[in-house]
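One structure is given here, and the rest of the page talks about it.
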Amino acid sequence: MLLSIKEMELRKVHFAETWQPGEFVFANADFVLKSPLSATGVAALLPHTGGEVEVKGRVKGDIETECDRCLGRASFHIDAPFDLFYKPQSAMNDAPADELAIDEGEAEMGFYELPGLELEDIIREQLLLQLPMQRVCREDCKGICPICGVNRNETACSCQAQSGDDRWMALKNLHI
Ligand SMILES: [Zn+2]
Ligand SMILES: [Zn+2]
């Protein structure tokens, strides 16, 4: 769905979109939608800002991806609000480059080009932001044994007792 700037010039643009599993395309093929994904909210031009747009709403859905530790499936329930600001691309082109670099307050600001903003792009980005840095199937996932390669959630291998590196490996995994 296009959030049209032209329409925003007349009124606020409300949206309530739902994508069924399979309908929403992720850049990363590892991500799979497991329940209908919904995005509701409103997009509006902010007065006296030279074309700044606020997109505010809520995104809800279930995403499945690969577990960082055991390579099994890890699922995440996402239900989160968002409140985003976008400036016209021309505002960025007009400003001197050094000014843009220094103004950290604008780091969170996105840019748009006419005819407007694609809701799917916004939602895709929000979903990624909502996923935890470490994506595990469960908090206590034991992962893959670094020595024999078995999935330790399914099989207790005998390497564990012998290897003094286990704890180090667990720590290392945390930082990947
Ligand atoms: Zn796992
Ligand atoms: Zn093992």
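Residue numbering restarts at 1 for every chain of the structure tokens, chains are lettered A, B, ... in their displayed order, and ligands are numbered from 1 as they appear.
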
Would you tabulate, counting only C-alpha atoms and all ligand atoms, all residues of chain A that have an atom at most 9 Å from an atom of ligand 2, showing the closest pair of atoms and their distance in Å to one decimal, sorted by chain then ascending number, as JSON lines?
{"residue": "A:Ile144", "atom": "CA", "partner": "ligand 2", "partner_atom_place_in_ligand_line": "1 (Zn)", "distance": 7.9}
{"residue": "A:Cys145", "atom": "CA", "partner": "ligand 2", "partner_atom_place_in_ligand_line": "1 (Zn)", "distance": 4.6}
{"residue": "A:Pro146", "atom": "CA", "partner": "ligand 2", "partner_atom_place_in_ligand_line": "1 (Zn)", "distance": 6.6}
{"residue": "A:Ile147", "atom": "CA", "partner": "ligand 2", "partner_atom_place_in_ligand_line": "1 (Zn)", "distance": 5.0}
{"residue": "A:Cys148", "atom": "CA", "partner": "ligand 2", "partner_atom_place_in_ligand_line": "1 (Zn)", "distance": 4.0}
{"residue": "A:Gly149", "atom": "CA", "partner": "ligand 2", "partner_atom_place_in_ligand_line": "1 (Zn)", "distance": 5.9}
{"residue": "A:Val150", "atom": "CA", "partner": "ligand 2", "partner_atom_place_in_ligand_line": "1 (Zn)", "distance": 5.9}
{"residue": "A:Asn151", "atom": "CA", "partner": "ligand 2", "partner_atom_place_in_ligand_line": "1 (Zn)", "distance": 8.4}
{"residue": "A:Arg152", "atom": "CA", "partner": "ligand 2", "partner_atom_place_in_ligand_line": "1 (Zn)", "distance": 7.7}
{"residue": "A:Thr155", "atom": "CA", "partner": "ligand 2", "partner_atom_place_in_ligand_line": "1 (Zn)", "distance": 8.7}
{"residue": "A:Ala156", "atom": "CA", "partner": "ligand 2", "partner_atom_place_in_ligand_line": "1 (Zn)", "distance": 7.5}
{"residue": "A:Cys157", "atom": "CA", "partner": "ligand 2", "partner_atom_place_in_ligand_line": "1 (Zn)", "distance": 4.5}
{"residue": "A:Ser158", "atom": "CA", "partner": "ligand 2", "partner_atom_place_in_ligand_line": "1 (Zn)", "distance": 5.9}
{"residue": "A:Cys159", "atom": "CA", "partner": "ligand 2", "partner_atom_place_in_ligand_line": "1 (Zn)", "distance": 4.3}
{"residue": "A:Gln160", "atom": "CA", "partner": "ligand 2", "partner_atom_place_in_ligand_line": "1 (Zn)", "distance": 6.2}

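Using only C-alpha atoms and all ligand atoms, residues with at least one atom at most 7 Å away from any atom of ligand 1 are A:Cys67, A:Asp68, A:Arg69, A:Cys70, A:Leu71, A:Gly72, A:Arg73, A:Ala74, A:Val136, A:Cys137, A:Arg138, A:Cys141, A:Lys142, A:Gly143.
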
Could you take the residues named above and write them with N, CA, C and O atoms, as an mmCIF file, in the first residue's frame?
data_model
loop_
_atom_site.group_PDB
_atom_site.id
_atom_site.type_symbol
_atom_site.label_atom_id
_atom_site.label_comp_id
_atom_site.auth_asym_id
_atom_site.auth_seq_id
_atom_site.Cartn_x
_atom_site.Cartn_y
_atom_site.Cartn_z
ATOM 1 N N CYS A 67 17.205 -20.610 14.393
ATOM 2 C CA CYS A 67 17.806 -20.405 15.720
ATOM 3 C C CYS A 67 19.315 -20.196 15.550
ATOM 4 O O CYS A 67 19.977 -20.947 14.830
ATOM 5 N N ASP A 68 19.850 -19.172 16.214
ATOM 6 C CA ASP A 68 21.276 -18.865 16.101
ATOM 7 C C ASP A 68 22.167 -19.960 16.676
ATOM 8 O O ASP A 68 23.331 -20.064 16.331
ATOM 9 N N ARG A 69 21.622 -20.750 17.585
ATOM 10 C CA ARG A 69 22.448 -21.751 18.249
ATOM 11 C C ARG A 69 22.317 -23.151 17.661
ATOM 12 O O ARG A 69 23.305 -23.821 17.434
ATOM 13 N N CYS A 70 21.063 -23.601 17.442
ATOM 14 C CA CYS A 70 20.903 -25.011 17.034
ATOM 15 C C CYS A 70 20.459 -25.142 15.575
ATOM 16 O O CYS A 70 20.333 -26.251 15.069
ATOM 17 N N LEU A 71 20.223 -24.026 14.908
ATOM 18 C CA LEU A 71 19.778 -24.008 13.511
ATOM 19 C C LEU A 71 18.382 -24.609 13.337
ATOM 20 O O LEU A 71 17.945 -24.869 12.229
ATOM 21 N N GLY A 72 17.687 -24.834 14.445
ATOM 22 C CA GLY A 72 16.280 -25.232 14.381
ATOM 23 C C GLY A 72 15.441 -23.996 14.121
ATOM 24 O O GLY A 72 15.977 -22.933 13.799
ATOM 25 N N ARG A 73 14.123 -24.122 14.262
ATOM 26 C CA ARG A 73 13.263 -22.977 14.014
ATOM 27 C C ARG A 73 13.016 -22.206 15.307
ATOM 28 O O ARG A 73 12.799 -22.793 16.365
ATOM 29 N N ALA A 74 13.077 -20.894 15.201
ATOM 30 C CA ALA A 74 12.820 -20.027 16.343
ATOM 31 C C ALA A 74 11.673 -19.097 15.972
ATOM 32 O O ALA A 74 11.693 -18.492 14.896
ATOM 33 N N VAL A 136 17.001 -17.075 19.294
ATOM 34 C CA VAL A 136 17.103 -18.465 19.715
ATOM 35 C C VAL A 136 15.717 -19.080 19.833
ATOM 36 O O VAL A 136 14.735 -18.387 20.085
ATOM 37 N N CYS A 137 15.666 -20.412 19.643
ATOM 38 C CA CYS A 137 14.381 -21.107 19.663
ATOM 39 C C CYS A 137 13.792 -21.088 21.064
ATOM 40 O O CYS A 137 12.592 -21.083 21.243
ATOM 41 N N ARG A 138 14.663 -21.073 22.078
ATOM 42 C CA ARG A 138 14.223 -20.934 23.462
ATOM 43 C C ARG A 138 15.422 -20.479 24.285
ATOM 44 O O ARG A 138 16.574 -20.721 23.896
ATOM 45 N N CYS A 141 18.240 -22.945 24.926
ATOM 46 C CA CYS A 141 18.661 -23.785 23.800
ATOM 47 C C CYS A 141 20.128 -24.162 23.988
ATOM 48 O O CYS A 141 20.976 -23.303 24.200
ATOM 49 N N LYS A 142 20.403 -25.462 23.909
ATOM 50 C CA LYS A 142 21.773 -25.925 24.164
ATOM 51 C C LYS A 142 22.649 -25.851 22.920
ATOM 52 O O LYS A 142 23.861 -26.020 22.997
ATOM 53 N N GLY A 143 22.057 -25.642 21.781
ATOM 54 C CA GLY A 143 22.829 -25.463 20.557
ATOM 55 C C GLY A 143 23.430 -26.753 20.020
ATOM 56 O O GLY A 143 23.100 -27.851 20.442
#

List as a list in words the protein and nucleic acid residues near A:Ala29, meaning an atom at most 12 Å away when only C-alpha atoms are counted, but skip any in the same chain fewer than 3 places from it.
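Returned residues: Gly22, Phe24, Val25, Phe26, Val32, Leu33, Ile63, Glu64, Thr65 and Glu66 of chain A.
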
Would you save the residues of that selection, restricted to N, CA and C atoms, as a tab-separated table (two decimals), in the first residue's frame?
chain	number	residue	atom	x	y	z
A	22	GLY	N	2.90	-15.92	3.54
A	22	GLY	CA	3.20	-16.12	2.13
A	22	GLY	C	3.01	-14.86	1.30
A	24	PHE	N	3.63	-11.73	2.46
A	24	PHE	CA	4.57	-10.67	2.81
A	24	PHE	C	5.99	-11.14	2.48
A	25	VAL	N	6.70	-10.33	1.71
A	25	VAL	CA	8.03	-10.72	1.25
A	25	VAL	C	9.12	-10.09	2.12
A	26	PHE	N	9.98	-10.93	2.67
A	26	PHE	CA	11.12	-10.45	3.45
A	26	PHE	C	12.37	-10.44	2.58
A	32	VAL	N	10.00	-16.30	7.90
A	32	VAL	CA	8.73	-16.81	7.44
A	32	VAL	C	7.63	-16.27	8.33
A	33	LEU	N	6.58	-15.81	7.71
A	33	LEU	CA	5.42	-15.32	8.46
A	33	LEU	C	4.57	-16.53	8.87
A	63	ILE	N	6.71	-14.33	13.51
A	63	ILE	CA	7.76	-14.58	12.53
A	63	ILE	C	8.60	-15.76	12.99
A	64	GLU	N	8.96	-16.58	12.02
A	64	GLU	CA	9.81	-17.71	12.34
A	64	GLU	C	11.11	-17.57	11.56
A	65	THR	N	12.22	-17.88	12.22
A	65	THR	CA	13.50	-17.83	11.53
A	65	THR	C	14.41	-18.91	12.13
A	66	GLU	N	15.66	-18.93	11.69
A	66	GLU	CA	16.57	-19.97	12.14
A	66	GLU	C	17.14	-19.62	13.52

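Distance annotation: of A:Val59, A:Ala16, A:Val53, A:Ala43, the residue with the minimal separation from A:Leu128 is A:Val59; atom set is only C-alpha atoms.
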
Legend entry - Residues near stretch 46-52 of chain A, cut-off 9 Å, only C-alpha atoms, skip fewer than 3 positions along chain, as number ranges by chain: A: 5, 85-88, 91, 111

Once you have the residues from the selection above, write them out as a PDB file, in the first residue's frame, restricted to N, CA and C atoms.
ATOM      1  N   ILE A   5       1.556  11.030  -0.470  1.00  0.00           N
ATOM      2  CA  ILE A   5       1.766  12.382   0.054  1.00  0.00           C
ATOM      3  C   ILE A   5       0.647  13.307  -0.438  1.00  0.00           C
ATOM      4  N   PHE A  85       9.269   9.254  11.682  1.00  0.00           N
ATOM      5  CA  PHE A  85       9.239  10.544  10.992  1.00  0.00           C
ATOM      6  C   PHE A  85      10.062  10.478   9.713  1.00  0.00           C
ATOM      7  N   TYR A  86       9.529  11.079   8.681  1.00  0.00           N
ATOM      8  CA  TYR A  86      10.203  11.086   7.374  1.00  0.00           C
ATOM      9  C   TYR A  86      10.198  12.494   6.804  1.00  0.00           C
ATOM     10  N   LYS A  87      11.332  12.842   6.192  1.00  0.00           N
ATOM     11  CA  LYS A  87      11.442  14.132   5.515  1.00  0.00           C
ATOM     12  C   LYS A  87      11.489  13.890   4.024  1.00  0.00           C
ATOM     13  N   PRO A  88      11.096  14.896   3.245  1.00  0.00           N
ATOM     14  CA  PRO A  88      11.252  14.713   1.788  1.00  0.00           C
ATOM     15  C   PRO A  88      12.731  14.581   1.430  1.00  0.00           C
ATOM     16  N   ALA A  91      14.935  17.623   1.058  1.00  0.00           N
ATOM     17  CA  ALA A  91      15.462  18.297   2.238  1.00  0.00           C
ATOM     18  C   ALA A  91      16.879  17.823   2.522  1.00  0.00           C
ATOM     19  N   PHE A 111      13.761   9.263   5.016  1.00  0.00           N
ATOM     20  CA  PHE A 111      13.447  10.174   3.913  1.00  0.00           C
ATOM     21  C   PHE A 111      12.477   9.507   2.952  1.00  0.00           C
TER      22      PHE A 111
END

message: Just the number, please: distance in Å from atom CA of A:Gln130 to atom CA of A:Gly116, one decimal.
response: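 That distance, rounded to one decimal, is 23.9 Å.
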
Legend entry - A:Glu17 surroundings by only C-alpha atoms, 7 Å radius, close-in-sequence under 6 positions cut, as number ranges by chain: A: 38-40

Selected residues written out with C-alpha atoms, as a CSV table (one decimal), in the first residue's frame:
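Ended up saving to out33.csv:
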chain,number,residue,atom,x,y,z
A,38,SER,CA,-1.3,-6.7,10.6
A,39,ALA,CA,-0.4,-3.1,10.5
A,40,THR,CA,-2.8,-0.4,11.6

Can you pull out every residue within 12 Å of A:Gly41, counting only C-alpha atoms, but drop anything in the same chain fewer than 3 positions away, and send it as a count of residues only? 24

Could you write out, as a PyMOL selection string, all the residues of stretch 10-165 of chain A that DSSP marks as helix (DSSP H, G or I)? chain A and resi 89-94+97-102+104-106+119-130+159-162

How would the residues just picked look written out with C-alpha atoms as a short mmCIF file (atom, residue, chain, number, x, y, z; two decimals), in the first residue's frame?
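Written output follows (out34.cif):
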data_model
loop_
_atom_site.label_atom_id
_atom_site.label_comp_id
_atom_site.auth_asym_id
_atom_site.auth_seq_id
_atom_site.Cartn_x
_atom_site.Cartn_y
_atom_site.Cartn_z
CA GLN A 89 14.38 13.53 0.00
CA SER A 90 14.88 17.05 -1.33
CA ALA A 91 15.46 18.30 2.24
CA MET A 92 18.48 16.02 2.46
CA ASN A 93 19.81 17.10 -0.91
CA ASP A 94 19.54 20.77 0.06
CA ALA A 97 26.65 17.21 4.06
CA ASP A 98 28.53 18.22 7.22
CA GLU A 99 25.38 19.60 8.77
CA LEU A 100 23.61 16.27 8.23
CA ALA A 101 26.47 14.37 9.80
CA ILE A 102 26.56 16.54 12.92
CA GLU A 104 22.45 13.48 15.54
CA GLY A 105 18.88 14.27 16.44
CA GLU A 106 18.00 13.50 12.86
CA LEU A 119 3.79 0.73 3.94
CA GLU A 120 5.37 -2.68 3.28
CA ASP A 121 8.88 -1.17 3.46
CA ILE A 122 8.10 0.51 6.76
CA ILE A 123 6.64 -2.67 8.24
CA ARG A 124 9.53 -4.81 7.00
CA GLU A 125 11.97 -2.52 8.78
CA GLN A 126 9.91 -2.43 11.97
CA LEU A 127 9.69 -6.21 12.12
CA LEU A 128 13.47 -6.49 11.89
CA LEU A 129 13.90 -3.90 14.63
CA GLN A 130 11.51 -5.81 16.87
CA CYS A 159 31.76 -34.73 24.41
CA GLN A 160 30.36 -32.39 27.01
CA ALA A 161 32.09 -33.97 29.99
CA GLN A 162 35.45 -34.14 28.24
#

Atom CA of A:Leu131 to atom CA of A:Phe76 measures 7.3 Å
